[in-house]
$ cat start_16.csv   # CSV, C-alpha atoms and all ligand atoms
chain,number,residue,atom,x,y,z
A,5,MET,CA,-0.5,4.1,-25.5
A,6,LYS,CA,-3.8,2.8,-26.9
A,7,LYS,CA,-2.2,-0.1,-28.7
A,8,LEU,CA,-0.5,-1.2,-25.5
A,9,PHE,CA,-3.6,-0.8,-23.5
A,10,LEU,CA,-5.5,-3.0,-26.0
A,11,SER,CA,-2.9,-5.6,-25.9
A,12,LEU,CA,-2.9,-5.7,-22.1
A,13,ALA,CA,-6.7,-5.8,-22.1
A,14,SER,CA,-6.6,-8.8,-24.4
A,15,LEU,CA,-4.1,-10.4,-22.1
A,16,ALA,CA,-6.4,-9.8,-19.1
A,17,ILE,CA,-9.3,-11.4,-21.0
A,18,LEU,CA,-7.1,-14.3,-21.9
A,19,PHE,CA,-6.0,-14.9,-18.4
A,20,THR,CA,-9.5,-14.5,-17.1
A,21,SER,CA,-11.0,-17.0,-19.5
A,22,CYS,CA,-8.3,-19.5,-18.7
A,23,ASN,CA,-9.0,-19.3,-15.0
A,24,SER,CA,-11.1,-22.0,-13.5
A,25,ASP,CA,-12.9,-19.6,-11.2
A,26,ASP,CA,-14.2,-17.2,-13.9
A,27,SER,CA,-16.7,-15.4,-11.9
A,28,LYS,CA,-14.3,-14.4,-9.2
A,29,GLU,CA,-11.7,-13.1,-11.6
A,30,VAL,CA,-14.3,-11.1,-13.6
A,31,THR,CA,-15.5,-9.5,-10.4
A,32,GLN,CA,-11.9,-8.4,-9.4
A,33,ASP,CA,-11.3,-6.9,-12.9
A,34,GLN,CA,-14.5,-4.9,-12.6
A,35,GLN,CA,-13.4,-3.5,-9.2
A,36,ILE,CA,-9.9,-2.7,-10.2
A,37,ASP,CA,-9.8,-0.2,-13.0
A,38,MET,CA,-6.6,-0.6,-15.0
A,39,SER,CA,-7.9,1.4,-18.0
A,40,ASP,CA,-5.5,4.3,-17.6
A,41,PHE,CA,-2.5,2.3,-16.9
A,42,TYR,CA,0.5,2.6,-19.2
A,43,VAL,CA,4.1,1.6,-19.0
A,44,TYR,CA,5.7,3.4,-21.9
A,45,THR,CA,5.8,7.2,-21.8
A,46,ASP,CA,5.8,9.5,-24.7
A,47,PHE,CA,7.5,12.1,-22.6
A,48,ASN,CA,11.2,12.4,-23.3
A,49,ASP,CA,13.7,14.9,-22.0
A,50,ASP,CA,14.8,16.5,-25.2
A,51,LEU,CA,18.1,18.0,-24.1
A,52,SER,CA,18.8,19.4,-27.5
A,53,SER,CA,15.9,21.8,-27.3
A,54,LYS,CA,17.1,23.4,-24.1
A,55,SER,CA,19.6,26.1,-23.5
A,56,ILE,CA,22.7,24.7,-22.2
A,57,ASN,CA,22.8,27.3,-19.4
A,58,SER,CA,19.2,27.1,-18.4
A,59,LYS,CA,18.1,25.3,-15.2
A,60,GLU,CA,16.0,23.1,-17.4
A,61,SER,CA,19.1,21.7,-19.1
A,62,PHE,CA,20.4,20.5,-15.7
A,63,LYS,CA,17.3,19.3,-13.8
A,64,THR,CA,16.9,16.0,-15.5
A,65,CYS,CA,15.8,12.7,-14.1
A,66,TYR,CA,16.3,9.9,-16.6
A,67,THR,CA,14.1,7.3,-15.0
A,68,MET,CA,11.4,7.3,-17.6
A,69,ASP,CA,13.9,7.1,-20.5
A,70,VAL,CA,15.6,4.2,-18.8
A,71,LEU,CA,12.2,2.5,-18.4
A,72,ASN,CA,11.4,2.9,-22.0
A,73,LYS,CA,14.7,1.4,-23.0
A,74,GLN,CA,14.3,-1.5,-20.6
A,75,LEU,CA,10.7,-2.2,-21.9
A,76,SER,CA,11.9,-2.3,-25.5
A,77,GLU,CA,14.7,-4.7,-24.6
A,78,ASN,CA,12.6,-7.0,-22.3
A,79,PRO,CA,9.1,-7.8,-23.5
A,80,GLY,CA,8.3,-9.6,-20.3
A,81,LEU,CA,8.7,-6.4,-18.3
A,82,GLU,CA,5.4,-5.0,-19.4
A,83,LYS,CA,3.4,-7.8,-17.9
A,84,LYS,CA,5.5,-7.6,-14.7
A,85,MET,CA,4.8,-3.9,-14.3
A,86,TYR,CA,1.1,-4.5,-15.1
A,87,ASP,CA,1.0,-7.1,-12.3
A,88,VAL,CA,2.7,-4.6,-9.9
A,89,GLU,CA,0.2,-2.0,-10.8
A,90,TYR,CA,-2.7,-4.4,-10.4
A,91,HIS,CA,-1.5,-5.4,-7.0
A,92,THR,CA,-1.1,-1.8,-6.0
A,93,ARG,CA,-4.6,-0.8,-7.0
A,94,LYS,CA,-6.1,-3.9,-5.4
A,95,PHE,CA,-4.4,-2.9,-2.1
A,96,ILE,CA,-5.6,0.7,-2.4
A,97,THR,CA,-9.1,-0.3,-3.3
A,98,ALA,CA,-9.2,-2.6,-0.3
A,99,LYS,CA,-8.0,0.2,2.0
A,100,GLY,CA,-10.8,2.4,0.7
A,101,LYS,CA,-9.1,5.6,1.8
A,102,PRO,CA,-8.8,8.8,-0.2
A,103,GLY,CA,-5.7,9.4,-2.2
A,104,GLY,CA,-5.9,6.1,-3.9
A,105,GLY,CA,-4.5,5.3,-7.3
A,106,THR,CA,-7.3,4.4,-9.7
A,107,GLY,CA,-6.4,7.3,-12.0
A,108,GLY,CA,-8.7,9.8,-13.5
A,109,GLY,CA,-6.3,12.7,-13.7
A,110,GLY,CA,-6.3,13.8,-10.1
A,111,GLY,CA,-8.5,16.6,-9.0
A,112,GLY,CA,-6.8,18.4,-6.2
A,113,THR,CA,-7.3,17.9,-2.5
A,114,SER,CA,-10.0,20.2,-1.2
A,115,GLY,CA,-12.6,18.5,0.9
A,116,GLU,CA,-10.7,15.3,1.4
A,117,ALA,CA,-10.2,14.1,4.9
A,118,ASP,CA,-6.5,13.9,5.9
A,119,VAL,CA,-5.6,10.3,6.7
A,120,ASP,CA,-2.1,11.2,7.6
A,121,VAL,CA,-2.0,9.2,10.8
A,122,LEU,CA,0.4,6.4,12.0
A,123,PRO,CA,0.2,3.5,12.3
A,124,ILE,CA,-1.3,3.3,8.8
A,125,ASN,CA,-3.9,0.7,8.7
A,126,ASP,CA,-2.1,-1.8,6.4
A,127,GLY,CA,-0.6,-4.0,9.1
A,128,LEU,CA,2.9,-3.2,8.1
A,129,GLY,CA,3.9,-0.6,10.7
A,130,THR,CA,7.0,1.4,10.1
A,131,ILE,CA,9.0,0.0,7.1
A,132,ASN,CA,12.7,0.3,7.4
A,133,ILE,CA,14.8,0.0,4.3
A,134,PRO,CA,18.5,-0.7,4.8
A,135,VAL,CA,20.7,1.1,2.3
A,136,TYR,CA,24.1,0.2,0.6
A,137,VAL,CA,25.9,3.2,-0.9
A,138,HIS,CA,28.4,2.6,-3.6
A,139,ILE,CA,30.6,5.7,-4.3
A,140,VAL,CA,32.3,5.4,-7.7
A,141,LEU,CA,34.6,8.3,-8.5
A,142,PRO,CA,38.2,9.0,-9.6
A,143,ASN,CA,38.7,9.7,-5.9
A,144,ALA,CA,35.9,8.0,-4.0
A,145,ASN,CA,36.7,9.9,-0.9
A,146,ASP,CA,35.5,13.1,-2.5
A,147,VAL,CA,32.1,12.2,-1.1
A,148,THR,CA,32.5,12.0,2.6
A,149,ASN,CA,30.9,9.8,5.2
A,150,THR,CA,29.3,12.9,6.6
A,151,GLN,CA,27.6,13.6,3.3
A,152,VAL,CA,26.4,10.0,3.0
A,153,GLN,CA,24.9,10.1,6.5
A,154,SER,CA,23.4,13.5,5.7
A,155,GLN,CA,21.8,12.0,2.6
A,156,ILE,CA,20.2,9.2,4.7
A,157,ASN,CA,19.0,11.9,7.2
A,158,VAL,CA,17.4,13.8,4.3
A,159,LEU,CA,15.6,10.7,3.1
A,160,ASN,CA,14.3,10.1,6.6
A,161,ASP,CA,13.2,13.7,7.1
A,162,ASP,CA,11.5,13.8,3.7
A,163,PHE,CA,9.7,10.5,4.0
A,164,SER,CA,8.5,11.2,7.5
A,165,SER,CA,7.6,14.9,6.7
A,166,THR,CA,9.9,16.2,9.4
A,167,ASN,CA,11.8,18.5,7.1
A,168,THR,CA,11.6,22.3,7.2
A,169,ASN,CA,8.6,22.9,5.0
A,170,LEU,CA,8.7,25.9,2.7
A,171,LEU,CA,5.1,26.4,1.8
A,172,PRO,CA,4.7,29.1,-0.8
A,173,SER,CA,2.8,32.1,0.3
A,174,GLY,CA,-0.9,31.5,0.0
A,175,ALA,CA,-0.6,27.8,-0.8
A,176,THR,CA,-3.4,27.0,1.7
A,177,ASN,CA,-5.0,24.2,-0.2
A,178,PHE,CA,-1.9,22.0,0.1
A,179,VAL,CA,-1.3,22.8,3.8
A,180,ASN,CA,-2.6,19.4,5.1
A,181,ASP,CA,-1.3,17.2,2.3
A,182,ALA,CA,2.3,16.5,3.4
A,183,THR,CA,2.2,12.9,4.5
A,184,VAL,CA,4.1,10.7,6.8
A,185,SER,CA,5.0,7.7,4.7
A,186,GLY,CA,6.0,5.4,7.6
A,187,ILE,CA,9.1,4.4,5.6
A,188,THR,CA,12.5,4.9,7.1
A,189,PHE,CA,16.1,4.4,5.8
A,190,SER,CA,19.2,3.1,7.6
A,191,LEU,CA,22.7,3.1,6.3
A,192,ALA,CA,23.9,-0.5,6.1
A,193,GLY,CA,27.3,0.1,4.4
A,194,THR,CA,29.3,2.4,2.3
A,195,PHE,CA,31.6,1.1,-0.4
A,196,ARG,CA,34.2,3.2,-2.2
A,197,TYR,CA,35.6,2.4,-5.6
A,198,ASN,CA,38.3,4.6,-7.3
A,199,ASN,CA,37.5,4.6,-11.0
A,200,ASN,CA,38.6,7.1,-13.6
A,201,THR,CA,35.6,6.7,-15.8
A,202,ALA,CA,34.6,10.3,-16.6
A,203,SER,CA,30.8,9.7,-17.0
A,204,TRP,CA,28.8,6.5,-16.6
A,205,GLY,CA,25.7,7.4,-18.6
A,206,THR,CA,22.3,6.0,-18.0
A,207,ASN,CA,22.7,2.4,-19.3
A,208,ASN,CA,23.3,0.8,-15.9
A,209,ALA,CA,27.1,0.5,-16.7
A,210,VAL,CA,27.9,1.5,-13.1
A,211,LYS,CA,25.7,-1.2,-11.8
A,212,SER,CA,27.4,-3.8,-14.0
A,213,ALA,CA,30.8,-2.7,-12.9
A,214,TYR,CA,29.8,-2.7,-9.2
A,215,PRO,CA,26.8,-5.0,-8.8
A,216,PRO,CA,24.1,-4.4,-6.2
A,217,ILE,CA,24.4,-6.3,-2.9
A,218,THR,CA,21.3,-8.3,-1.9
A,219,PRO,CA,18.9,-6.0,-3.8
A,220,GLN,CA,16.1,-8.3,-2.6
A,221,THR,CA,16.5,-6.9,0.9
A,222,HIS,CA,18.5,-3.6,0.4
A,223,LEU,CA,18.2,-0.4,-1.5
A,224,ASN,CA,21.4,0.0,-3.5
A,225,ILE,CA,22.5,3.6,-4.3
A,226,TRP,CA,25.3,4.3,-6.7
A,227,VAL,CA,26.9,7.8,-6.4
A,228,CYS,CA,28.9,8.7,-9.5
A,229,ASN,CA,29.1,11.2,-12.4
A,230,ILE,CA,26.3,10.3,-14.8
A,231,GLY,CA,27.1,12.9,-17.5
A,232,GLY,CA,24.7,14.9,-19.7
A,233,GLY,CA,23.6,17.1,-16.9
A,234,ILE,CA,21.5,14.2,-15.5
A,235,LEU,CA,20.9,14.2,-11.8
A,236,GLY,CA,19.7,10.7,-11.4
A,237,TYR,CA,17.8,7.7,-12.5
A,238,ALA,CA,16.0,4.8,-10.7
A,239,GLN,CA,14.4,1.5,-11.6
A,240,PHE,CA,10.8,0.9,-10.9
A,241,PRO,CA,9.6,-2.2,-8.9
A,242,GLY,CA,9.3,-5.3,-11.1
A,243,GLY,CA,12.5,-4.9,-13.0
A,244,ASN,CA,15.7,-7.0,-13.1
A,245,SER,CA,17.2,-7.4,-9.7
A,246,ALA,CA,20.7,-7.1,-11.2
A,247,THR,CA,20.0,-3.4,-12.0
A,248,ASP,CA,17.7,-2.7,-9.1
A,249,GLY,CA,18.4,0.6,-7.2
A,250,VAL,CA,19.1,4.3,-7.7
A,251,VAL,CA,21.9,6.2,-9.4
A,252,LEU,CA,22.7,9.7,-8.2
A,253,LEU,CA,25.0,12.4,-9.5
A,254,TYR,CA,27.7,12.7,-6.8
A,255,SER,CA,27.3,16.5,-6.5
A,256,SER,CA,23.6,16.2,-5.7
A,257,LEU,CA,24.2,14.9,-2.2
A,258,PRO,CA,23.9,17.4,0.6
A,259,GLY,CA,26.8,19.8,0.5
A,260,GLY,CA,27.6,18.9,-3.1
A,261,SER,CA,28.2,21.4,-5.9
A,262,ALA,CA,25.0,20.9,-7.9
A,263,ALA,CA,23.2,23.9,-6.5
A,264,PRO,CA,20.2,24.4,-6.5
A,265,TYR,CA,20.0,20.6,-6.5
A,266,ASN,CA,22.4,19.9,-3.7
A,267,LEU,CA,20.2,19.4,-0.7
A,268,GLY,CA,19.8,15.7,-1.2
A,269,ARG,CA,16.3,15.7,-2.8
A,270,THR,CA,17.4,14.1,-6.0
A,271,ALA,CA,17.7,11.0,-3.8
A,272,THR,CA,14.2,11.6,-2.4
A,273,HIS,CA,12.8,11.9,-5.9
A,274,GLU,CA,14.6,8.8,-7.3
A,275,VAL,CA,13.7,6.7,-4.3
A,276,GLY,CA,10.1,7.7,-4.9
A,277,HIS,CA,10.5,6.1,-8.4
A,278,TYR,CA,12.1,3.0,-6.8
A,279,LEU,CA,9.0,2.8,-4.6
A,280,ASN,CA,6.7,3.0,-7.7
A,281,LEU,CA,5.9,6.7,-7.9
A,282,ARG,CA,5.6,8.4,-11.3
A,283,HIS,CA,6.4,12.0,-12.0
A,284,ILE,CA,3.6,14.1,-10.7
A,285,TRP,CA,2.6,15.3,-14.2
A,286,GLY,CA,2.3,11.7,-15.4
A,287,ASP,CA,5.0,12.2,-18.1
A,288,GLY,CA,2.4,13.3,-20.6
A,289,LYS,CA,-0.2,15.9,-21.2
A,290,CYS,CA,-3.2,16.7,-19.0
A,291,ARG,CA,-4.9,13.4,-19.5
A,292,GLN,CA,-1.9,11.3,-18.5
A,293,ASP,CA,-1.9,10.6,-14.9
A,294,ASP,CA,0.5,9.6,-12.1
A,295,PHE,CA,-2.0,7.1,-10.9
A,296,VAL,CA,-2.5,9.1,-7.7
A,297,THR,CA,-5.8,10.9,-7.1
A,298,ASP,CA,-4.7,13.5,-4.6
A,299,THR,CA,-2.1,15.0,-6.8
A,300,PRO,CA,-3.4,17.6,-9.4
A,301,SER,CA,-2.9,17.0,-13.1
A,302,SER,CA,-0.3,18.9,-15.0
A,303,ASP,CA,1.1,18.8,-18.5
A,304,GLY,CA,4.8,19.0,-17.7
A,305,ALA,CA,7.5,19.5,-15.1
A,306,ASN,CA,7.9,22.7,-13.1
A,307,TYR,CA,11.4,24.2,-12.5
A,308,GLY,CA,13.0,26.6,-10.2
A,309,CYS,CA,11.0,27.8,-7.3
A,310,PRO,CA,7.5,28.6,-8.7
A,311,SER,CA,5.2,31.2,-7.2
A,312,TYR,CA,1.8,30.1,-6.0
A,313,PRO,CA,-0.5,29.4,-7.7
A,314,THR,CA,1.0,27.8,-10.8
A,315,ILE,CA,-2.0,26.7,-12.8
A,316,ASN,CA,-1.9,24.0,-15.5
A,317,CYS,CA,-4.6,21.7,-16.8
A,318,SER,CA,-7.2,23.9,-15.0
A,319,SER,CA,-5.8,23.0,-11.6
A,320,THR,CA,-3.1,24.3,-9.3
A,321,ASP,CA,0.1,22.4,-9.6
A,322,MET,CA,1.6,20.8,-6.5
A,323,THR,CA,5.0,22.2,-7.5
A,324,MET,CA,6.4,21.4,-4.0
A,325,ASN,CA,6.0,17.7,-4.5
A,326,TYR,CA,9.1,15.6,-4.6
A,327,MET,CA,8.1,14.0,-7.9
A,328,ASP,CA,8.2,17.4,-9.7
A,329,TYR,CA,11.5,19.0,-11.0
A,330,THR,CA,11.6,22.0,-8.8
A,331,ASP,CA,14.7,23.2,-6.8
A,332,ASP,CA,15.6,21.1,-3.8
A,333,ALA,CA,14.7,24.0,-1.5
A,334,CYS,CA,11.2,24.3,-2.9
A,335,MET,CA,10.0,20.7,-2.8
A,336,TYR,CA,8.9,19.2,0.4
A,337,MET,CA,6.1,16.7,0.2
A,338,PHE,CA,4.6,13.4,-0.7
A,339,THR,CA,0.8,13.0,-0.5
A,340,ASP,CA,-1.3,10.3,1.2
A,341,GLY,CA,-2.0,8.8,-2.2
A,342,GLN,CA,1.7,8.6,-3.0
A,343,ARG,CA,2.3,7.0,0.4
A,344,ASN,CA,-0.3,4.4,-0.3
A,345,ARG,CA,1.3,3.5,-3.6
A,346,MET,CA,4.7,3.2,-2.0
A,347,ARG,CA,3.5,1.0,0.9
A,348,ALA,CA,1.4,-1.2,-1.4
A,349,ILE,CA,4.5,-2.8,-2.9
A,350,PHE,CA,5.5,-4.1,0.6
A,351,THR,CA,2.2,-5.9,1.3
A,352,ALA,CA,1.8,-9.6,0.7
A,353,GLY,CA,2.5,-10.4,-2.9
A,354,GLY,CA,4.0,-7.0,-3.5
A,355,ALA,CA,7.1,-6.4,-5.6
A,356,ARG,CA,9.2,-5.4,-2.6
A,357,GLU,CA,7.7,-7.6,0.0
A,358,SER,CA,11.0,-9.4,0.3
A,359,MET,CA,12.6,-6.3,1.8
A,360,LEU,CA,10.6,-6.7,5.1
A,361,PRO,CA,12.5,-8.6,7.8
B,401,ZN,ZN,12.1,11.3,-12.0

$ encode --input "start_16.csv" --output "structure tokens"
Amino acid sequence: MKKLFLSLASLAILFTSCNSDDSKEVTQDQQIDMSDFYVYTDFNDDLSSKSINSKESFKTCYTMDVLNKQLSENPGLEKKMYDVEYHTRKFITAKGKPGGGTGGGGGGTSGEADVDVLPINDGLGTINIPVYVHIVLPNANDVTNTQVQSQINVLNDDFSSTNTNLLPSGATNFVNDATVSGITFSLAGTFRYNNNTASWGTNNAVKSAYPPITPQTHLNIWVCNIGGGILGYAQFPGGNSATDGVVLLYSSLPGGSAAPYNLGRTATHEVGHYLNLRHIWGDGKCRQDDFVTDTPSSDGANYGCPSYPTINCSSTDMTMNYMDYTDDACMYMFTDGQRNRMRAIFTAGGARESMLP
């Protein structure tokens, strides 16, 4: 981590010194703290250490592993992701609202004003994302149109906080933190491909076989069997458009057989990554952050349906956040800080600005 940070810092100095308007650039760098930013993660899902029958062996999102692989294969990606993060923090700093993303480990939410009010003051209004769904299975009709529409409905409910919240008993300090993201989803088309491939893995093979359609303006979701007990993986903003989108285990869609992960919240979690959210524990120990200040620090994922309070890193984990690994029925919220990170990528110069009509 430190080596990477130093190289990025050197890069920043290099760019700053080459800029004709030195004073302006220096001022911006001082305002926008990138000191905790990292791209590689040292967190890996070590499947071999987990019991094959445990919940932990099944609840697995491979987004960070895929990111590590893409970074190692594409040196230019680090700089792109640094730029996306810089843009995000610049937007949040300018907004000056709580729940921003300048790091620091996140210290809980008590005492912060709730800014969960629409329209959000970023000039964007409601952001609608049109979605193409590609179903790739031996019998692609095994996932029905009803399930696909139900999945879109779950995304809309979760991102607008109109789901049925299941607040753990006594979880009073998170009671006002479920945010309305102002992001909606509409089904633009469903495509079915009968393909006998038993499992597609996490190397984007399914995307190569069935390329995304206009990923600059549409979220592409592939529904297939991934294998290895993996529920899904996503690509962060800034990556190659040929592999942009989200891959879901077919049985994780609402009504599928992947209980307790069959209420459609694998999609919510993976679309969170697609919109630039990290895992809530920061994919590391207590000091590694998810770049969101109103999510508490933790040192690892939570599983199952945790009782409240679950305390790690001297603070109460927000186990009900979509970016944790808990059961679908026990996760129900994004925070204002996460909302701000997601919306930042749609602002002028943002990595997903082209998705706006
Ligand atoms: Zn994930």

$ residues_near_ligand --input "start_16.csv" --ligand "ligand ZN 401 (chain B)" --cutoff "10 Å" --atoms "only C-alpha atoms and all ligand atoms" --output "JSON, numbers by chain"
{"A": [63, 64, 65, 66, 67, 68, 69, 235, 236, 237, 238, 270, 271, 272, 273, 274, 275, 276, 277, 278, 281, 282, 283, 284, 287, 305, 326, 327, 328, 329]}

$ residues_around --input "start_16.csv" --residues "region 341-356 of chain A" --least-positions-apart "6" --cutoff "10 Å" --atoms "all atoms listed in the file" --output "VMD selection string"
chain A and resid 84 to 85 87 to 96 99 101 to 105 119 to 120 124 126 to 131 163 181 to 187 219 to 222 240 to 243 275 to 282 284 294 to 299 327

$ write_last_selection --input "start_16.csv" --atoms "C-alpha atoms" --output "PDB file, in the frame of the given file"
ATOM      1  CA  LYS A  84       5.500  -7.600 -14.700  1.00  0.00           C
ATOM      2  CA  MET A  85       4.800  -3.900 -14.300  1.00  0.00           C
ATOM      3  CA  ASP A  87       1.000  -7.100 -12.300  1.00  0.00           C
ATOM      4  CA  VAL A  88       2.700  -4.600  -9.900  1.00  0.00           C
ATOM      5  CA  GLU A  89       0.200  -2.000 -10.800  1.00  0.00           C
ATOM      6  CA  TYR A  90      -2.700  -4.400 -10.400  1.00  0.00           C
ATOM      7  CA  HIS A  91      -1.500  -5.400  -7.000  1.00  0.00           C
ATOM      8  CA  THR A  92      -1.100  -1.800  -6.000  1.00  0.00           C
ATOM      9  CA  ARG A  93      -4.600  -0.800  -7.000  1.00  0.00           C
ATOM     10  CA  LYS A  94      -6.100  -3.900  -5.400  1.00  0.00           C
ATOM     11  CA  PHE A  95      -4.400  -2.900  -2.100  1.00  0.00           C
ATOM     12  CA  ILE A  96      -5.600   0.700  -2.400  1.00  0.00           C
ATOM     13  CA  LYS A  99      -8.000   0.200   2.000  1.00  0.00           C
ATOM     14  CA  LYS A 101      -9.100   5.600   1.800  1.00  0.00           C
ATOM     15  CA  PRO A 102      -8.800   8.800  -0.200  1.00  0.00           C
ATOM     16  CA  GLY A 103      -5.700   9.400  -2.200  1.00  0.00           C
ATOM     17  CA  GLY A 104      -5.900   6.100  -3.900  1.00  0.00           C
ATOM     18  CA  GLY A 105      -4.500   5.300  -7.300  1.00  0.00           C
ATOM     19  CA  VAL A 119      -5.600  10.300   6.700  1.00  0.00           C
ATOM     20  CA  ASP A 120      -2.100  11.200   7.600  1.00  0.00           C
ATOM     21  CA  ILE A 124      -1.300   3.300   8.800  1.00  0.00           C
ATOM     22  CA  ASP A 126      -2.100  -1.800   6.400  1.00  0.00           C
ATOM     23  CA  GLY A 127      -0.600  -4.000   9.100  1.00  0.00           C
ATOM     24  CA  LEU A 128       2.900  -3.200   8.100  1.00  0.00           C
ATOM     25  CA  GLY A 129       3.900  -0.600  10.700  1.00  0.00           C
ATOM     26  CA  THR A 130       7.000   1.400  10.100  1.00  0.00           C
ATOM     27  CA  ILE A 131       9.000   0.000   7.100  1.00  0.00           C
ATOM     28  CA  PHE A 163       9.700  10.500   4.000  1.00  0.00           C
ATOM     29  CA  ASP A 181      -1.300  17.200   2.300  1.00  0.00           C
ATOM     30  CA  ALA A 182       2.300  16.500   3.400  1.00  0.00           C
ATOM     31  CA  THR A 183       2.200  12.900   4.500  1.00  0.00           C
ATOM     32  CA  VAL A 184       4.100  10.700   6.800  1.00  0.00           C
ATOM     33  CA  SER A 185       5.000   7.700   4.700  1.00  0.00           C
ATOM     34  CA  GLY A 186       6.000   5.400   7.600  1.00  0.00           C
ATOM     35  CA  ILE A 187       9.100   4.400   5.600  1.00  0.00           C
ATOM     36  CA  PRO A 219      18.900  -6.000  -3.800  1.00  0.00           C
ATOM     37  CA  GLN A 220      16.100  -8.300  -2.600  1.00  0.00           C
ATOM     38  CA  THR A 221      16.500  -6.900   0.900  1.00  0.00           C
ATOM     39  CA  HIS A 222      18.500  -3.600   0.400  1.00  0.00           C
ATOM     40  CA  PHE A 240      10.800   0.900 -10.900  1.00  0.00           C
ATOM     41  CA  PRO A 241       9.600  -2.200  -8.900  1.00  0.00           C
ATOM     42  CA  GLY A 242       9.300  -5.300 -11.100  1.00  0.00           C
ATOM     43  CA  GLY A 243      12.500  -4.900 -13.000  1.00  0.00           C
ATOM     44  CA  VAL A 275      13.700   6.700  -4.300  1.00  0.00           C
ATOM     45  CA  GLY A 276      10.100   7.700  -4.900  1.00  0.00           C
ATOM     46  CA  HIS A 277      10.500   6.100  -8.400  1.00  0.00           C
ATOM     47  CA  TYR A 278      12.100   3.000  -6.800  1.00  0.00           C
ATOM     48  CA  LEU A 279       9.000   2.800  -4.600  1.00  0.00           C
ATOM     49  CA  ASN A 280       6.700   3.000  -7.700  1.00  0.00           C
ATOM     50  CA  LEU A 281       5.900   6.700  -7.900  1.00  0.00           C
ATOM     51  CA  ARG A 282       5.600   8.400 -11.300  1.00  0.00           C
ATOM     52  CA  ILE A 284       3.600  14.100 -10.700  1.00  0.00           C
ATOM     53  CA  ASP A 294       0.500   9.600 -12.100  1.00  0.00           C
ATOM     54  CA  PHE A 295      -2.000   7.100 -10.900  1.00  0.00           C
ATOM     55  CA  VAL A 296      -2.500   9.100  -7.700  1.00  0.00           C
ATOM     56  CA  THR A 297      -5.800  10.900  -7.100  1.00  0.00           C
ATOM     57  CA  ASP A 298      -4.700  13.500  -4.600  1.00  0.00           C
ATOM     58  CA  THR A 299      -2.100  15.000  -6.800  1.00  0.00           C
ATOM     59  CA  MET A 327       8.100  14.000  -7.900  1.00  0.00           C
TER      60      MET A 327
END

$ closest_residue --input "start_16.csv" --among "A:Val140, A:Leu71, A:Val158, A:Val135" --to "Lys211 (chain A)" --atoms "only C-alpha atoms"
A:Val140

$ atom_distance --input "start_16.csv" --atom1 "CA of Asn266 (chain A)" --atom2 "CA of Met324 (chain A)"
16.1 Å

$ residues_around --input "start_16.csv" --residues "Ile225 (chain A)" --least-positions-apart "4" --cutoff "6 Å" --atoms "all atoms listed in the file" --output "ChimeraX atom specification"
/A:137,249-251

$ atom_distance --input "start_16.csv" --atom1 "CA of Ser165 (chain A)" --atom2 "CA of Ser318 (chain A)"
27.8 Å

$ closest_residue --input "start_16.csv" --among "A:Leu267, A:Leu159, A:Ala333, A:Ala98" --to "Cys309 (chain A)" --atoms "all atoms listed in the file"
A:Ala333

$ atom_distance --input "start_16.csv" --atom1 "CA of Tyr336 (chain A)" --atom2 "CA of Asn208 (chain A)"
28.5 Å

$ closest_residue --input "start_16.csv" --among "A:Pro361, A:Pro264, A:Pro310, A:Pro142" --to "Arg196 (chain A)" --atoms "all atoms listed in the file"
A:Pro142

$ closest_residue --input "start_16.csv" --among "A:Asn316, A:Asn157, A:Asn306, A:Thr148" --to "Thr330 (chain A)" --atoms "all atoms listed in the file"
A:Asn306

$ residues_around --input "start_16.csv" --residues "Ser319 (chain A)" --least-positions-apart "2" --cutoff "9 Å" --atoms "only C-alpha atoms" --output "PyMOL selection string"
chain A and resi 111-112+300-302+314-317+321

$ closest_residue --input "start_16.csv" --among "A:Asn143, A:Asn125, A:Asn177, A:Asn244" --to "Ala202 (chain A)" --atoms "only C-alpha atoms"
A:Asn143

$ residues_around --input "start_16.csv" --residues "Leu171 (chain A)" --least-positions-apart "6" --cutoff "10 Å" --atoms "all atoms listed in the file" --output "list of chain:residue names"
A:Phe178, A:Val179, A:Tyr312, A:Met324, A:Cys334, A:Met335, A:Tyr336, A:Met337

$ closest_residue --input "start_16.csv" --among "A:Tyr136, A:Tyr265, A:Gly288, A:Gly259" --to "Asn224 (chain A)" --atoms "all atoms listed in the file"
A:Tyr136

$ decode --input "start_16.csv" --residues "region 234-239 of chain A" --atoms "N, CA and C atoms" --output "compact mmCIF listing (two decimals), in the first residue's frame"
# COMPACT_ATOMS: atom_id res chain seq x y z
N ILE A 234 -19.38 -18.29 -5.85
CA ILE A 234 -19.28 -16.82 -5.95
C ILE A 234 -20.63 -16.24 -6.40
N LEU A 235 -21.07 -15.25 -5.65
CA LEU A 235 -22.38 -14.66 -5.92
C LEU A 235 -22.34 -13.61 -7.02
N GLY A 236 -21.22 -12.90 -7.12
CA GLY A 236 -21.18 -11.85 -8.13
C GLY A 236 -19.86 -11.12 -8.15
N TYR A 237 -19.66 -10.33 -9.19
CA TYR A 237 -18.53 -9.40 -9.24
C TYR A 237 -18.88 -8.24 -10.16
N ALA A 238 -18.25 -7.11 -9.87
CA ALA A 238 -18.55 -5.89 -10.62
C ALA A 238 -17.24 -5.23 -11.04
N GLN A 239 -17.35 -4.27 -11.93
CA GLN A 239 -16.19 -3.47 -12.33
C GLN A 239 -16.39 -2.04 -11.84
